[in-house]
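As provided, start-v5.tsv (TSV, C-alpha atoms) reads as follows.
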chain	number	residue	atom	x	y	z
A	19	HIS	CA	18.02	-55.09	0.59
A	20	GLU	CA	15.59	-53.06	-1.45
A	21	ALA	CA	11.91	-53.82	-1.94
A	22	GLU	CA	8.89	-52.18	-3.46
A	23	ALA	CA	5.65	-53.26	-1.83
A	24	LYS	CA	2.82	-52.70	-4.28
A	25	GLY	CA	-0.22	-54.90	-4.54
A	26	VAL	CA	1.04	-57.45	-2.02
A	27	SER	CA	-0.04	-58.44	1.49
A	28	LEU	CA	2.04	-56.60	4.07
A	29	GLU	CA	1.01	-58.67	7.10
A	30	ASN	CA	4.47	-60.25	7.38
A	31	ILE	CA	6.62	-57.28	6.37
A	32	SER	CA	8.25	-57.24	9.80
A	33	GLY	CA	10.05	-60.45	8.84
A	34	PHE	CA	12.36	-58.51	6.51
A	35	LYS	CA	14.76	-57.54	9.32
A	36	VAL	CA	17.61	-56.41	7.02
A	37	LEU	CA	15.46	-54.20	4.77
A	38	THR	CA	17.07	-50.78	4.31
A	39	HIS	CA	14.91	-49.17	1.59
A	40	LEU	CA	11.14	-49.34	1.40
A	41	ARG	CA	8.52	-47.62	-0.75
A	42	PHE	CA	4.85	-48.01	0.13
A	43	GLU	CA	2.40	-46.98	-2.55
A	44	GLY	CA	-1.24	-46.66	-1.54
A	45	ASP	CA	-2.09	-46.48	-5.26
A	46	ASN	CA	-5.18	-44.29	-4.86
A	47	CYS	CA	-7.03	-46.99	-2.90
A	48	GLN	CA	-9.06	-45.66	0.02
A	49	HIS	CA	-8.74	-48.94	1.98
A	50	VAL	CA	-4.93	-49.26	1.96
A	51	LEU	CA	-3.49	-48.69	5.44
A	52	LEU	CA	0.07	-48.15	6.55
A	53	PRO	CA	0.90	-51.27	8.59
A	54	ASP	CA	2.10	-50.71	12.18
A	55	ASN	CA	4.42	-53.71	11.94
A	56	ILE	CA	6.91	-51.74	9.81
A	57	SER	CA	8.14	-50.34	13.13
A	58	ALA	CA	10.04	-53.65	13.50
A	59	LEU	CA	12.22	-52.78	10.49
A	60	THR	CA	14.97	-51.21	12.56
A	61	LYS	CA	17.54	-51.12	9.74
A	62	LEU	CA	15.46	-48.84	7.47
A	63	GLU	CA	17.48	-45.98	5.99
A	64	ASP	CA	15.03	-44.81	3.33
A	65	LEU	CA	11.22	-44.80	3.66
A	66	ARG	CA	8.88	-43.46	0.98
A	67	LEU	CA	5.11	-43.21	1.40
A	68	TYR	CA	3.13	-42.43	-1.73
A	69	ARG	CA	-0.61	-41.93	-2.33
A	70	PHE	CA	-2.07	-42.97	1.03
A	71	HIS	CA	-5.29	-41.01	0.65
A	72	ASN	CA	-6.85	-42.12	3.95
A	73	LEU	CA	-3.81	-41.19	6.06
A	74	LYS	CA	-4.62	-38.21	8.33
A	75	THR	CA	-1.48	-38.38	10.44
A	76	LEU	CA	1.75	-40.34	10.42
A	77	PRO	CA	2.45	-42.89	13.17
A	78	ALA	CA	3.87	-41.42	16.37
A	79	TRP	CA	6.44	-44.26	16.55
A	80	MET	CA	8.10	-43.28	13.26
A	81	PRO	CA	10.88	-41.15	14.86
A	82	ASP	CA	12.09	-44.34	16.57
A	83	PHE	CA	13.78	-45.36	13.31
A	84	LYS	CA	17.32	-44.65	14.49
A	85	LYS	CA	18.98	-45.32	11.10
A	86	LEU	CA	16.45	-43.56	8.86
A	87	ARG	CA	18.33	-41.09	6.65
A	88	SER	CA	15.58	-40.18	4.16
A	89	LEU	CA	11.81	-39.85	4.64
A	90	SER	CA	9.49	-38.90	1.81
A	91	VAL	CA	5.71	-38.46	2.07
A	92	SER	CA	4.07	-37.72	-1.29
A	93	TRP	CA	0.50	-37.14	-2.40
A	94	CYS	CA	-1.12	-38.27	0.83
A	95	ASP	CA	-4.05	-35.95	0.15
A	96	TRP	CA	-5.72	-36.11	3.57
A	97	LEU	CA	-2.61	-35.86	5.72
A	98	GLU	CA	-3.48	-33.09	8.20
A	99	ARG	CA	-0.65	-33.12	10.71
A	100	LEU	CA	2.61	-34.62	11.81
A	101	PRO	CA	2.77	-36.05	15.32
A	102	ASP	CA	4.60	-33.95	17.92
A	103	SER	CA	6.95	-36.93	18.36
A	104	PHE	CA	8.46	-36.03	14.96
A	105	THR	CA	10.11	-32.95	16.40
A	106	CYS	CA	10.85	-33.99	20.02
A	107	CYS	CA	14.36	-34.13	21.40
A	108	GLY	CA	15.95	-37.37	20.15
A	109	ALA	CA	13.63	-37.78	17.15
A	110	PHE	CA	15.15	-39.06	13.89
A	111	PRO	CA	18.81	-38.97	14.96
A	112	ALA	CA	20.13	-39.95	11.49
A	113	LEU	CA	17.58	-38.19	9.24
A	114	ILE	CA	19.27	-36.05	6.58
A	115	GLU	CA	16.42	-35.50	4.13
A	116	PHE	CA	12.70	-34.98	4.85
A	117	LYS	CA	10.36	-34.35	1.92
A	118	ILE	CA	6.63	-33.69	2.01
A	119	GLU	CA	4.91	-33.14	-1.32
A	120	GLY	CA	1.32	-32.83	-2.46
A	121	CYS	CA	-0.22	-33.03	1.01
A	122	GLY	CA	-2.80	-30.29	0.51
A	123	HIS	CA	-4.52	-30.71	3.89
A	124	LEU	CA	-1.35	-30.48	5.99
A	125	VAL	CA	-2.02	-27.40	8.11
A	126	LYS	CA	0.92	-27.27	10.51
A	127	PHE	CA	4.53	-28.34	10.86
A	128	PRO	CA	5.19	-28.94	14.58
A	129	GLU	CA	7.64	-26.80	16.51
A	130	VAL	CA	11.09	-28.40	16.54
A	131	GLU	CA	12.66	-28.95	19.97
A	132	GLY	CA	16.39	-28.72	20.58
A	133	GLY	CA	18.05	-32.07	19.86
A	134	ALA	CA	15.41	-33.15	17.35
A	135	ILE	CA	16.45	-34.17	13.84
A	136	PRO	CA	20.06	-33.09	14.52
A	137	ARG	CA	21.48	-34.09	11.11
A	138	LEU	CA	18.71	-32.69	8.91
A	139	GLN	CA	20.20	-31.01	5.83
A	140	THR	CA	17.18	-30.89	3.49
A	141	LEU	CA	13.58	-30.10	4.39
A	142	SER	CA	11.38	-29.88	1.32
A	143	LEU	CA	7.70	-28.86	1.54
A	144	ASN	CA	6.10	-28.71	-1.93
A	145	SER	CA	2.47	-28.38	-3.01
A	146	CYS	CA	1.20	-28.28	0.59
A	147	SER	CA	-1.31	-25.50	-0.03
A	148	SER	CA	-2.79	-25.42	3.52
A	149	LEU	CA	0.53	-24.80	5.30

Same coordinates, now as structure tokens:
Amino acid sequence: HEAEAKGVSLENISGFKVLTHLRFEGDNCQHVLLPDNISALTKLEDLRLYRFHNLKTLPAWMPDFKKLRSLSVSWCDWLERLPDSFTCCGAFPALIEFKIEGCGHLVKFPEVEGGAIPRLQTLSLNSCSSL
């Protein structure tokens, strides 16, 4: 139920329907992209994104993970913003912990609407010098 995807092809990642924990490591490569097909992993409870240097925003569909309890985004140097969908009513209904670290170009955290992220207990923003 746990997998670390590093240095492997992620074209068929959506086939892991029971995956609950996933760590993606961009590993300082400029050409590594976050695959859209991870949206099919509906059982994810823990998602960690690490060193995606070409990532300017996170996918707008990410709040659709209804079971996601922990989201960590670390050292994604060029991340500039979070989609408004992250803080809309109904977004991330199970999320308890949200960590953003080392995203020096992140300039804004979107305004949180009522009913968004209702179970959030920990919000950690570290080394985000442009916020």

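One distance worth recording is that between CA of Thr140 in chain A and CA of Lys85 in chain A, which is 16.4 Å.
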
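Minimum atom-to-atom distances from A:Ala112, A:Leu67, A:Val130, A:Leu143 to Arg41 in chain A were compared using only C-alpha atoms, and the lowest value belongs to A:Leu67.
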
Which of these residues is nearest to Pro77 in chain A, using all atoms listed in the file: A:Leu100, A:Leu62, A:Cys94, A:Leu89?
-> A:Leu100

Near Ser90 in chain A, counting all atoms listed in the file, which residues have an atom at most 6 Å away, once you skip same-chain residues fewer than 2 positions from it, shown as a list in words?
->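 The neighbour list is Arg66, Phe116, Lys117 and Ile118 of chain A.
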
Got time to write the residues from that selection, C-alpha atoms, as a tab-separated table (two decimals), keeping the file's coordinate frame?
chain	number	residue	atom	x	y	z
A	66	ARG	CA	8.88	-43.46	0.98
A	116	PHE	CA	12.70	-34.98	4.85
A	117	LYS	CA	10.36	-34.35	1.92
A	118	ILE	CA	6.63	-33.69	2.01

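Distance-wise, CA of Gly33 in chain A and CA of Phe104 in chain A end up 25.2 Å apart.
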